[in-house]
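Chemist: Please find input39.cif (mmCIF, C-alpha atoms) on the next line:
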data_coords
#
loop_
_atom_site.label_atom_id
_atom_site.label_comp_id
_atom_site.auth_asym_id
_atom_site.auth_seq_id
_atom_site.Cartn_x
_atom_site.Cartn_y
_atom_site.Cartn_z
CA MET A 12 23.92 14.59 0.50
CA ALA A 13 21.86 17.53 -0.83
CA ALA A 14 23.05 17.15 -4.45
CA ALA A 15 20.49 16.20 -7.08
CA LEU A 16 20.12 12.47 -7.47
CA SER A 17 20.83 10.89 -10.83
CA ARG A 18 17.96 9.59 -12.92
CA SER A 19 19.33 6.04 -12.62
CA VAL A 20 19.14 6.22 -8.81
CA ARG A 21 15.61 7.65 -8.87
CA ILE A 22 14.40 4.97 -11.28
CA GLY A 23 16.38 2.26 -9.52
CA TYR A 24 14.87 3.15 -6.18
CA GLY A 25 11.40 3.54 -7.67
CA SER A 26 11.55 0.07 -9.24
CA GLY A 27 11.12 -1.40 -5.77
CA SER A 28 7.50 -0.29 -6.07
CA VAL A 29 7.04 -3.08 -8.61
CA ALA A 30 7.33 -5.48 -5.67
CA THR A 31 5.38 -3.39 -3.14
CA GLY A 32 2.70 -2.53 -5.69
CA ALA A 33 2.11 -6.13 -6.75
CA PHE A 34 2.00 -7.46 -3.20
CA GLY A 35 -0.13 -4.57 -1.99
CA THR A 36 -2.61 -4.85 -4.85
CA VAL A 37 -3.17 -8.49 -5.78
CA PRO A 38 -4.08 -9.95 -2.36
CA GLY A 39 -6.33 -6.97 -1.68
CA LEU A 40 -8.03 -7.48 -5.03
CA MET A 41 -8.04 -11.25 -5.48
CA LEU A 42 -7.72 -13.01 -2.13
CA LEU A 43 -11.17 -12.28 -0.70
CA PRO A 44 -12.97 -13.45 -3.89
CA TYR A 45 -10.67 -16.50 -3.99
CA LEU A 46 -11.72 -17.45 -0.49
CA THR A 47 -15.43 -16.70 -0.79
CA ASP A 48 -16.14 -17.64 -4.42
CA GLU A 49 -13.59 -20.40 -5.10
CA LEU A 50 -12.99 -22.11 -1.76
CA GLY A 51 -16.52 -21.42 -0.47
CA ILE A 52 -15.40 -19.86 2.82
CA ALA A 53 -17.92 -17.61 4.60
CA ALA A 54 -17.30 -13.89 4.20
CA LEU A 55 -16.49 -13.22 7.87
CA TRP A 56 -13.95 -16.06 8.07
CA ALA A 57 -12.45 -15.01 4.75
CA GLY A 58 -12.08 -11.47 6.05
CA LEU A 59 -10.27 -12.78 9.12
CA ILE A 60 -7.84 -14.78 6.97
CA VAL A 61 -7.06 -11.69 4.90
CA PHE A 62 -6.62 -9.55 8.00
CA ALA A 63 -4.55 -11.82 10.30
CA PRO A 64 -1.22 -11.81 8.38
CA LYS A 65 -1.33 -8.03 8.00
CA ALA A 66 -2.08 -7.68 11.71
CA TRP A 67 1.04 -9.74 12.36
CA ASP A 68 2.99 -7.28 10.21
CA VAL A 69 1.87 -4.45 12.48
CA ILE A 70 3.91 -6.09 15.23
CA LEU A 71 6.78 -7.17 12.98
CA ASN A 72 7.39 -3.97 11.01
CA PRO A 73 8.89 -1.88 13.85
CA ILE A 74 11.13 -4.83 14.70
CA ALA A 75 12.25 -5.06 11.07
CA GLY A 76 12.99 -1.33 11.13
CA ARG A 77 15.04 -1.62 14.30
CA ILE A 78 17.03 -4.53 12.84
CA SER A 79 17.74 -2.67 9.60
CA ASP A 80 18.85 0.42 11.59
CA ARG A 81 21.51 -1.73 13.23
CA THR A 82 22.56 -3.73 10.18
CA VAL A 83 26.25 -3.28 9.30
CA ASP A 84 27.06 -4.03 5.66
CA PRO A 85 29.24 -2.43 2.96
CA ALA A 86 26.07 -1.90 0.93
CA GLY A 87 24.46 0.03 3.78
CA PRO A 88 21.89 -1.02 6.39
CA ARG A 89 18.95 -1.24 3.96
CA ARG A 90 19.97 -2.71 0.59
CA PRO A 91 20.91 -6.24 1.77
CA TRP A 92 17.39 -6.71 3.09
CA LEU A 93 15.88 -5.84 -0.27
CA LEU A 94 17.36 -8.97 -1.81
CA ARG A 95 17.15 -11.32 1.17
CA ALA A 96 13.53 -10.66 2.03
CA GLY A 97 12.37 -9.89 -1.51
CA ILE A 98 13.21 -13.32 -2.91
CA MET A 99 11.46 -15.00 0.03
CA LEU A 100 8.43 -12.78 -0.59
CA ALA A 101 8.15 -13.87 -4.23
CA GLY A 102 8.30 -17.56 -3.35
CA ALA A 103 5.76 -17.38 -0.54
CA PHE A 104 3.41 -15.27 -2.65
CA ALA A 105 3.20 -17.93 -5.38
CA LEU A 106 2.17 -20.51 -2.79
CA ILE A 107 -0.72 -18.45 -1.36
CA PHE A 108 -2.93 -19.28 -4.35
CA ALA A 109 -1.45 -22.76 -4.95
CA ALA A 110 -3.49 -24.74 -2.42
CA PRO A 111 -4.15 -28.29 -3.68
CA ASP A 112 -7.60 -29.83 -3.37
CA LEU A 113 -7.37 -31.01 0.24
CA GLY A 114 -11.02 -32.03 0.52
CA SER A 115 -11.58 -29.71 3.47
CA GLN A 116 -12.38 -26.01 3.56
CA GLY A 117 -10.60 -25.76 6.89
CA LEU A 118 -7.35 -27.25 5.59
CA GLU A 119 -7.45 -25.15 2.44
CA ALA A 120 -8.10 -22.02 4.48
CA ALA A 121 -5.16 -22.95 6.74
CA TRP A 122 -2.91 -23.33 3.69
CA VAL A 123 -3.77 -19.80 2.54
CA LEU A 124 -3.29 -18.39 6.04
CA VAL A 125 0.14 -20.00 6.59
CA PHE A 126 1.66 -18.88 3.31
CA PHE A 127 0.10 -15.44 3.53
CA ILE A 128 1.72 -15.02 6.97
CA LEU A 129 5.08 -16.13 5.53
CA ALA A 130 4.73 -13.70 2.63
CA ALA A 131 3.71 -10.88 4.96
CA SER A 132 6.73 -11.56 7.19
CA ALA A 133 9.12 -11.41 4.24
CA TYR A 134 7.37 -8.28 3.01
CA ALA A 135 8.00 -6.54 6.34
CA PHE A 136 11.75 -7.04 5.98
CA PHE A 137 11.65 -5.80 2.39
CA GLN A 138 9.30 -2.86 2.68
CA VAL A 139 10.54 -1.27 5.89
CA PRO A 140 14.19 -0.90 4.79
CA TYR A 141 12.97 0.16 1.34
CA VAL A 142 10.78 2.96 2.70
CA ALA A 143 13.57 4.06 5.07
CA MET A 144 16.07 4.70 2.27
CA PRO A 145 14.93 8.18 1.07
CA ALA A 146 15.71 9.79 4.43
CA GLU A 147 19.32 8.65 3.95
CA ILE A 148 19.71 8.97 0.18
CA THR A 149 19.17 12.75 0.21
CA SER A 150 18.73 15.55 2.74
CA SER A 151 16.92 17.80 0.23
CA TYR A 152 13.26 18.61 0.99
CA HIS A 153 12.39 18.92 -2.72
CA GLU A 154 14.65 16.12 -3.92
CA ARG A 155 12.64 13.70 -1.80
CA THR A 156 9.50 14.77 -3.65
CA ARG A 157 11.26 14.06 -6.97
CA LEU A 158 12.40 10.69 -5.66
CA MET A 159 8.83 9.87 -4.62
CA THR A 160 7.52 11.02 -7.99
CA ALA A 161 9.52 8.29 -9.73
CA ARG A 162 8.45 5.78 -7.12
CA VAL A 163 4.74 6.60 -7.33
CA ALA A 164 4.77 6.62 -11.14
CA ILE A 165 6.22 3.11 -11.13
CA LEU A 166 3.84 2.13 -8.33
CA ALA A 167 0.87 3.35 -10.37
CA PHE A 168 2.05 1.42 -13.42
CA THR A 169 2.48 -1.72 -11.33
CA ILE A 170 -0.96 -1.39 -9.78
CA MET A 171 -2.44 -1.10 -13.26
CA LEU A 172 -0.37 -4.00 -14.59
CA ALA A 173 -1.07 -6.30 -11.65
CA GLY A 174 -4.64 -5.19 -11.04
CA ALA A 175 -5.63 -5.44 -14.68
CA THR A 176 -3.81 -8.63 -15.63
CA ALA A 177 -4.38 -10.74 -12.50
CA PRO A 178 -8.16 -11.10 -13.15
CA LEU A 179 -7.49 -11.65 -16.86
CA ILE A 180 -5.06 -14.49 -16.14
CA ARG A 181 -7.46 -16.05 -13.66
CA ASP A 182 -10.39 -15.85 -16.07
CA ALA A 183 -8.39 -17.04 -19.09
CA VAL A 184 -7.27 -20.24 -17.34
CA GLY A 185 -10.38 -20.62 -15.19
CA GLY A 186 -11.13 -22.11 -11.79
CA ARG A 187 -8.49 -22.83 -9.18
CA ASP A 188 -5.85 -23.40 -11.83
CA GLY A 189 -6.45 -19.82 -12.93
CA TYR A 190 -5.61 -18.57 -9.44
CA ARG A 191 -2.51 -20.79 -9.31
CA VAL A 192 -1.15 -19.52 -12.63
CA MET A 193 -1.95 -15.93 -11.65
CA GLY A 194 -0.03 -16.39 -8.38
CA VAL A 195 3.08 -17.63 -10.17
CA VAL A 196 3.01 -14.79 -12.71
CA MET A 197 2.61 -12.15 -10.01
CA ALA A 198 5.44 -13.75 -8.00
CA LEU A 199 7.71 -13.30 -11.03
CA VAL A 200 6.65 -9.64 -11.24
CA ILE A 201 7.59 -9.21 -7.57
CA ALA A 202 10.99 -10.83 -8.19
CA VAL A 203 11.68 -8.41 -11.05
CA GLY A 204 10.98 -5.45 -8.76
CA VAL A 205 13.16 -6.85 -5.98
CA ILE A 206 16.20 -7.41 -8.17
CA SER A 207 15.78 -4.09 -10.00
CA ALA A 208 15.67 -2.15 -6.72
CA TYR A 209 18.72 -3.93 -5.35
CA VAL A 210 20.79 -3.38 -8.48
CA GLY A 211 19.42 0.10 -9.21
CA THR A 212 20.38 1.57 -5.82
CA ARG A 213 23.96 0.28 -5.78
CA SER A 214 25.29 3.80 -6.48
CA ALA A 215 22.86 5.64 -4.17
CA PRO A 216 24.39 7.66 -1.30
CA ILE A 217 24.35 6.01 2.13
CA GLY A 218 23.62 8.13 5.21
CA ALA A 219 26.21 8.21 7.97
CA VAL A 220 24.05 9.05 11.01
CA ALA A 221 24.53 6.61 13.89
CA ALA A 222 21.74 4.19 14.80
CA GLY A 223 19.54 5.30 17.67
CA ALA A 224 20.51 4.13 21.13
CA GLY A 225 18.25 2.41 23.61
CA SER A 226 15.77 -0.44 23.39
CA LEU A 227 13.13 -0.80 20.69
CA ARG A 228 10.51 0.19 23.24
CA GLU A 229 12.36 3.43 24.00
CA GLN A 230 12.77 4.14 20.30
CA LEU A 231 9.05 3.60 19.68
CA ARG A 232 8.24 5.96 22.53
CA ILE A 233 10.43 8.68 21.01
CA VAL A 234 8.87 8.21 17.57
CA ALA A 235 5.36 8.25 19.04
CA SER A 236 6.12 11.59 20.70
CA ALA A 237 6.88 13.23 17.32
CA ARG A 238 3.68 15.23 16.82
CA ASP A 239 3.91 15.84 13.07
CA PHE A 240 4.79 12.23 12.35
CA ARG A 241 1.85 11.08 14.46
CA LEU A 242 -0.57 13.37 12.62
CA LEU A 243 0.74 12.32 9.21
CA LEU A 244 0.60 8.64 10.11
CA THR A 245 -3.02 8.84 11.30
CA THR A 246 -4.03 10.55 8.06
CA PHE A 247 -2.26 7.95 5.95
CA VAL A 248 -3.62 4.94 7.86
CA LEU A 249 -7.22 6.12 7.49
CA GLN A 250 -6.68 6.62 3.77
CA ALA A 251 -5.03 3.20 3.49
CA LEU A 252 -8.17 1.77 5.10
CA ALA A 253 -10.27 3.58 2.49
CA THR A 254 -8.08 2.26 -0.33
CA GLY A 255 -8.24 -1.26 1.09
CA CYS A 256 -12.04 -1.15 1.05
CA MET A 257 -12.07 -0.05 -2.59
CA LEU A 258 -9.53 -2.67 -3.67
CA ALA A 259 -11.48 -5.43 -1.96
CA GLY A 260 -14.67 -4.28 -3.64
CA VAL A 261 -13.52 -4.08 -7.27
CA ASP A 262 -14.21 -7.70 -8.22
CA TYR A 263 -17.56 -7.72 -6.41
CA LEU A 264 -18.64 -4.39 -7.92
CA ALA A 265 -17.79 -5.57 -11.44
CA GLY A 266 -19.44 -8.98 -11.21
CA ASP A 267 -22.39 -8.45 -8.88
CA VAL A 268 -23.38 -4.78 -9.34
CA LEU A 269 -22.28 -3.93 -12.88
CA ASP A 270 -22.91 -7.56 -13.97
CA ASN A 271 -19.71 -7.58 -16.00
CA GLN A 272 -16.77 -9.51 -14.59
CA GLY A 273 -14.49 -7.99 -17.22
CA ALA A 274 -15.28 -4.54 -15.81
CA SER A 275 -12.76 -5.17 -13.02
CA THR A 276 -9.96 -4.61 -15.52
CA ILE A 277 -11.62 -1.43 -16.82
CA LEU A 278 -12.02 -0.16 -13.26
CA PHE A 279 -8.33 -0.68 -12.62
CA VAL A 280 -7.30 1.09 -15.79
CA CYS A 281 -9.59 4.00 -14.87
CA PHE A 282 -8.08 4.06 -11.40
CA VAL A 283 -4.41 3.89 -12.31
CA GLY A 284 -4.35 5.57 -15.72
CA PRO A 285 -4.75 9.10 -14.30
CA ALA A 286 -2.09 8.37 -11.70
CA LEU A 287 0.41 7.47 -14.42
CA LEU A 288 -0.23 10.75 -16.21
CA LEU A 289 -0.65 13.08 -13.25
CA THR A 290 2.01 12.01 -10.76
CA PRO A 291 4.57 14.52 -12.16
CA VAL A 292 1.83 17.18 -12.20
CA TRP A 293 1.13 16.60 -8.51
CA ALA A 294 4.86 16.88 -7.78
CA ARG A 295 5.08 20.25 -9.54
CA PHE A 296 1.91 21.39 -7.81
CA GLY A 297 3.43 20.45 -4.45
CA GLU A 298 6.59 22.42 -5.20
CA ARG A 299 4.43 25.53 -5.74
CA VAL A 300 1.93 25.25 -2.88
CA GLY A 301 3.67 22.86 -0.46
CA LYS A 302 3.32 19.17 0.26
CA LYS A 303 0.61 19.60 2.88
CA GLN A 304 -1.66 21.68 0.62
CA GLY A 305 -1.10 19.25 -2.24
CA TYR A 306 -2.05 16.39 0.05
CA LEU A 307 -5.24 18.18 1.13
CA VAL A 308 -6.36 18.89 -2.44
CA SER A 309 -5.63 15.36 -3.67
CA SER A 310 -7.51 13.88 -0.68
CA LEU A 311 -10.60 15.94 -1.47
CA ILE A 312 -10.53 14.78 -5.09
CA LEU A 313 -10.23 11.14 -3.99
CA ALA A 314 -13.18 11.53 -1.61
CA ALA A 315 -15.30 13.17 -4.32
CA GLY A 316 -14.64 10.30 -6.74
CA ALA A 317 -15.49 7.68 -4.13
CA ALA A 318 -18.74 9.47 -3.28
CA LEU A 319 -19.72 9.63 -6.97
CA ALA A 320 -19.26 5.84 -7.22
CA SER A 321 -22.21 5.43 -4.83
CA LEU A 322 -24.43 5.76 -7.94
CA ALA A 323 -23.21 2.38 -9.21
CA GLN A 324 -26.60 0.65 -8.78
CA VAL A 325 -28.63 3.27 -10.64
CA ALA A 326 -26.24 5.02 -13.05
CA PRO A 327 -24.68 3.68 -16.27
CA ALA A 328 -21.37 1.89 -15.90
CA PHE A 329 -19.70 4.86 -17.59
CA VAL A 330 -20.45 7.00 -14.52
CA VAL A 331 -18.72 4.45 -12.28
CA PHE A 332 -15.69 4.44 -14.56
CA VAL A 333 -15.50 8.25 -14.45
CA ALA A 334 -15.83 8.18 -10.66
CA THR A 335 -13.02 5.64 -10.42
CA ALA A 336 -10.82 7.77 -12.68
CA LEU A 337 -11.45 10.72 -10.34
CA VAL A 338 -10.37 8.53 -7.44
CA GLY A 339 -7.22 7.74 -9.42
CA VAL A 340 -6.45 11.44 -9.88
CA GLY A 341 -6.62 11.99 -6.13
CA TYR A 342 -4.86 8.73 -5.29
CA ALA A 343 -1.74 9.79 -7.20
CA GLY A 344 -1.34 12.84 -4.97
CA CYS A 345 -2.25 10.86 -1.87
CA GLN A 346 0.78 8.66 -2.55
CA VAL A 347 3.31 11.28 -3.67
CA PHE A 348 2.87 13.70 -0.80
CA PRO A 349 2.79 11.53 2.35
CA MET A 350 5.66 9.38 1.06
CA ALA A 351 7.69 12.58 0.55
CA MET A 352 6.64 13.96 3.95
CA LEU A 353 7.64 10.83 5.91
CA PRO A 354 11.41 11.16 5.28
CA ASP A 355 11.14 14.83 6.23
CA ALA A 356 9.98 13.79 9.70
CA ALA A 357 12.64 11.07 10.05
CA ALA A 358 15.48 13.26 8.76
CA THR A 359 14.46 16.19 10.98
CA ASP A 360 14.62 13.89 13.99
CA ALA A 361 18.05 12.55 12.92
CA ALA A 362 19.42 16.08 12.41
CA ARG A 363 18.16 17.20 15.81
CA THR A 364 19.41 14.19 17.80
CA GLY A 365 22.34 12.90 15.74
CA GLU A 366 20.80 9.43 15.86
CA ASN A 367 19.25 7.50 12.96
CA ARG A 368 15.77 6.21 13.71
CA ALA A 369 14.67 6.08 10.06
CA GLY A 370 14.06 2.34 10.28
CA VAL A 371 11.91 2.69 13.38
CA TYR A 372 9.98 5.57 11.82
CA THR A 373 9.34 3.61 8.65
CA GLY A 374 8.63 0.45 10.63
CA VAL A 375 5.85 2.24 12.48
CA TRP A 376 4.71 3.87 9.22
CA THR A 377 4.52 0.65 7.24
CA ALA A 378 2.87 -1.08 10.20
CA GLY A 379 0.16 1.58 10.11
CA GLU A 380 -0.19 1.34 6.33
CA THR A 381 -0.34 -2.45 6.53
CA LEU A 382 -2.98 -2.26 9.25
CA GLY A 383 -5.10 0.10 7.17
CA LEU A 384 -4.83 -1.99 4.01
CA ALA A 385 -5.60 -5.14 6.01
CA LEU A 386 -8.58 -3.64 7.80
CA GLY A 387 -10.00 -2.50 4.45
CA PRO A 388 -10.89 -6.00 3.20
CA GLY A 389 -11.94 -6.90 6.74
CA VAL A 390 -14.36 -3.96 6.90
CA PHE A 391 -15.59 -4.80 3.41
CA ALA A 392 -16.14 -8.43 4.43
CA ILE A 393 -18.20 -7.30 7.43
CA VAL A 394 -20.31 -5.10 5.15
CA LEU A 395 -20.79 -8.09 2.81
CA ALA A 396 -21.91 -10.29 5.70
CA LEU A 397 -24.35 -7.64 6.94
CA GLY A 398 -25.74 -7.38 3.41
CA GLY A 399 -26.36 -11.13 3.21
CA TYR A 400 -23.68 -11.96 0.65
CA VAL A 401 -23.87 -15.63 -0.47
CA SER A 402 -20.51 -17.45 -0.72
CA SER A 403 -19.99 -20.28 -3.22
CA ALA A 404 -17.44 -22.91 -4.23
CA GLY A 405 -16.95 -21.83 -7.82
CA GLU A 406 -20.65 -21.74 -8.81
CA THR A 407 -22.42 -18.70 -10.22
CA VAL A 408 -24.70 -17.15 -7.60
CA THR A 409 -27.16 -14.29 -8.04
CA GLN A 410 -26.71 -12.02 -5.06
CA PRO A 411 -29.71 -10.45 -3.32
CA GLY A 412 -30.33 -6.72 -3.63
CA SER A 413 -29.14 -6.17 -0.07
CA ALA A 414 -25.75 -7.68 -0.95
CA GLN A 415 -25.45 -5.44 -4.02
CA THR A 416 -26.20 -2.41 -1.87
CA ALA A 417 -23.59 -3.53 0.65
CA ILE A 418 -20.99 -3.88 -2.12
CA THR A 419 -21.76 -0.37 -3.37
CA ILE A 420 -21.54 1.17 0.12
CA GLY A 421 -18.29 -0.65 0.88
CA PHE A 422 -16.75 0.54 -2.37
CA SER A 423 -17.89 4.16 -2.24
CA ILE A 424 -19.51 5.73 0.84
CA ILE A 425 -17.23 4.19 3.45
CA PRO A 426 -13.97 5.12 1.63
CA ALA A 427 -15.26 8.68 1.02
CA LEU A 428 -16.10 9.20 4.69
CA LEU A 429 -12.78 7.73 5.86
CA THR A 430 -10.83 10.03 3.54
CA LEU A 431 -12.71 13.11 4.73
CA LEU A 432 -12.24 12.07 8.36
CA SER A 433 -8.47 11.78 7.83
CA LEU A 434 -8.23 15.48 6.98
CA TRP A 435 -8.93 16.43 10.61
CA TRP A 436 -5.39 15.24 11.44
CA LEU A 437 -3.74 16.45 8.24
CA THR A 438 -4.81 20.07 8.78
CA ARG A 439 -2.81 20.07 12.04
CA TYR A 440 0.47 18.95 10.41
CA SER A 441 3.09 21.74 10.56
CA LEU A 442 6.36 20.70 8.85
CA ASP A 443 7.13 22.69 5.70
CA ALA A 444 10.19 23.45 3.54
CA GLU A 445 11.42 26.21 5.85
CA SER A 446 11.12 24.26 9.08
CA VAL A 447 12.71 21.13 7.61
CA GLU A 448 15.63 23.01 6.07
CA ALA A 449 16.15 24.99 9.30
CA ALA A 450 16.40 21.74 11.27
CA LEU A 451 19.04 20.41 8.87
CA VAL A 452 21.27 23.47 9.16
#
Hey, can you dump this file as structure tokens for me?
Modeler:
Amino acid sequence: MAAALSRSVRIGYGSGSVATGAFGTVPGLMLLPYLTDELGIAALWAGLIVFAPKAWDVILNPIAGRISDRTVDPAGPRRPWLLRAGIMLAGAFALIFAAPDLGSQGLEAAWVLVFFILAASAYAFFQVPYVAMPAEITSSYHERTRLMTARVAILAFTIMLAGATAPLIRDAVGGRDGYRVMGVVMALVIAVGVISAYVGTRSAPIGAVAAGAGSLREQLRIVASARDFRLLLTTFVLQALATGCMLAGVDYLAGDVLDNQGASTILFVCFVGPALLLTPVWARFGERVGKKQGYLVSSLILAAGAALASLAQVAPAFVVFVATALVGVGYAGCQVFPMAMLPDAAATDAARTGENRAGVYTGVWTAGETLGLALGPGVFAIVLALGGYVSSAGETVTQPGSAQTAITIGFSIIPALLTLLSLWWLTRYSLDAESVEAALV
């Protein structure tokens, strides 16, 4: 269990981030503008539509984790769900943006809501088993960081690919057809990630710890009592909320503040490019100073970049691009470290009790992450509404100055403050290499 993992297993596991990255990025980036600027739905209602399916996932994710803990299959309790749920996710995702002209904003909004809920449900049964796998693939504290390095590098590439190309596809085709074509292309990207992860982990070790006994409610109570897990989760959820705000604001910042719709692609390249280059650097930094210290430093860098972006209305676009790149530098570390720390908490619990609650741990974790990413666009939509943002049904609208200020605040100040606030919990986290390895002895 503690032996070094092969490169094929690390890359195979990491390829699942193609699916999680595409689904996590594109709706956060494209769905709110689709609802407000293409279907003409008011910002508050659009925010509710974006939020509701993710709120449903908060309930469903722990259930998905519990089910995967108790799945009996020759391929292990996790891998079968990658394929079953992943294919359903790809199909439902394509339909989110495929609403026909129904002649009613209400019916078209309902179409988006129904298929987004279906996609979110399938995603729960893909993501939770996927995130649970590292705690069972290896018992090595440092090997988990290496495993997450491959995953985050692929995740960063996928975010750049999906985030940069989705607006380009939409704009190249134009109108609602542009959104439909974009949805199909991104669904194919998701399918590639699903199949690659399923095939690529066929030779990965499978943990042999028995599933936890007791009801789901009892399991959730035990997980909630794990102090370090609780502190880490709170930190990560607040940062997911910050990231969700920034994702939701990219298209608005490019078109309404920088007055350059094509700048959304540049912003994404600036955001993800540093992550592609620096993810291995963060991993090596964490091996020297520890995961917690690496997480603290990367969080501060992310917050500094977000704060610098508050100059978007008065500074040249170049300054905003630099600020976004700084966010990307911090974001890489803010993905590597918590994702490597989560299996530490789950594996320590399994070693202490002899029972496997990895699925429940990751179910709660992904529920929190989903909630944060869902609340991000919701918070951003509220800020838009307070700023007097004017929705439209495909027409070009000049937004008032108050709306431009709201966009800037939602993209910069709010994410910076949320990230800094999250550090109050992170500083109290106590698991390190020595304590984790001692628990596994």
Chemist: What gap, in Å, lies between CA of Leu16 (chain A) and CA of Glu154 (chain A)?
Modeler: 7.5 Å
Chemist: Here is a test: counting all atoms listed in the file, which residue of A:Thr373, A:Ser275, A:Thr160, A:Gln250 is nearest to Val142 (chain A)?
Modeler: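 Of the candidates, the smallest distance to Val142 (chain A) is held by A:Thr373.
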Chemist: Tell me which of A:Ile128, A:Val163, A:Thr377, A:Val123 sits closest to Pro73 (chain A), counting only C-alpha atoms.
Modeler: A:Thr377
Chemist: Which distance in Å separates CA of Ser310 (chain A) and CA of Val283 (chain A), to one decimal?
Modeler: 15.6 Å
Chemist: Using the chain letters and numbers from the file, which residues does the PyMOL selection byres ((chain A and resi 116) around 10) grab, as a PyMOL selection string?
Modeler: chain A and resi 46+50-52+112-115+117-122+404
Chemist: Would you please work out which residue, of A:Ala54, A:Pro140, A:Leu319, A:Gly185, is nearest to Gly399 (chain A) when using all atoms listed in the file?
Modeler: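 Smallest distance to Gly399 (chain A) is found for A:Ala54.
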Chemist: Can you translate the PyMOL selection byres ((chain A and resi 237-245) around 8) into the concrete residues it hits in this file, as a PyMOL selection string?
Modeler: chain A and resi 233-236+246-249+349+353+356+376+379+433+436-437+439-442
Chemist: Quick one: of A:Leu172, A:Val210, A:Ala167, A:Val375, who's nearest to Cys345 (chain A), counting all atoms listed in the file?
Modeler: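 Ranking A:Leu172, A:Val210, A:Ala167, A:Val375 by distance to Cys345 (chain A), first place goes to A:Ala167.
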Chemist: With all atoms listed in the file as the basis for distance, which of A:Arg187, A:Arg162, A:Lys302, A:Arg181 is at the shortest distance from Ala286 (chain A)?
Modeler: A:Arg162
Chemist: Write out as a PyMOL selection string which residues come within 10 Å of Val325 (chain A) when counting only C-alpha atoms, dropping same-chain ones fewer than 3 positions away.
Modeler: chain A and resi 268-269+321-322+328+330
Chemist: List the spatial neighbours of Val196 (chain A) as a ChimeraX atom specification - criterion: any atom at most 9 Å away, only C-alpha atoms, same-chain residues fewer than 5 positions off excluded.
Modeler: /A:105,177,180,191,201
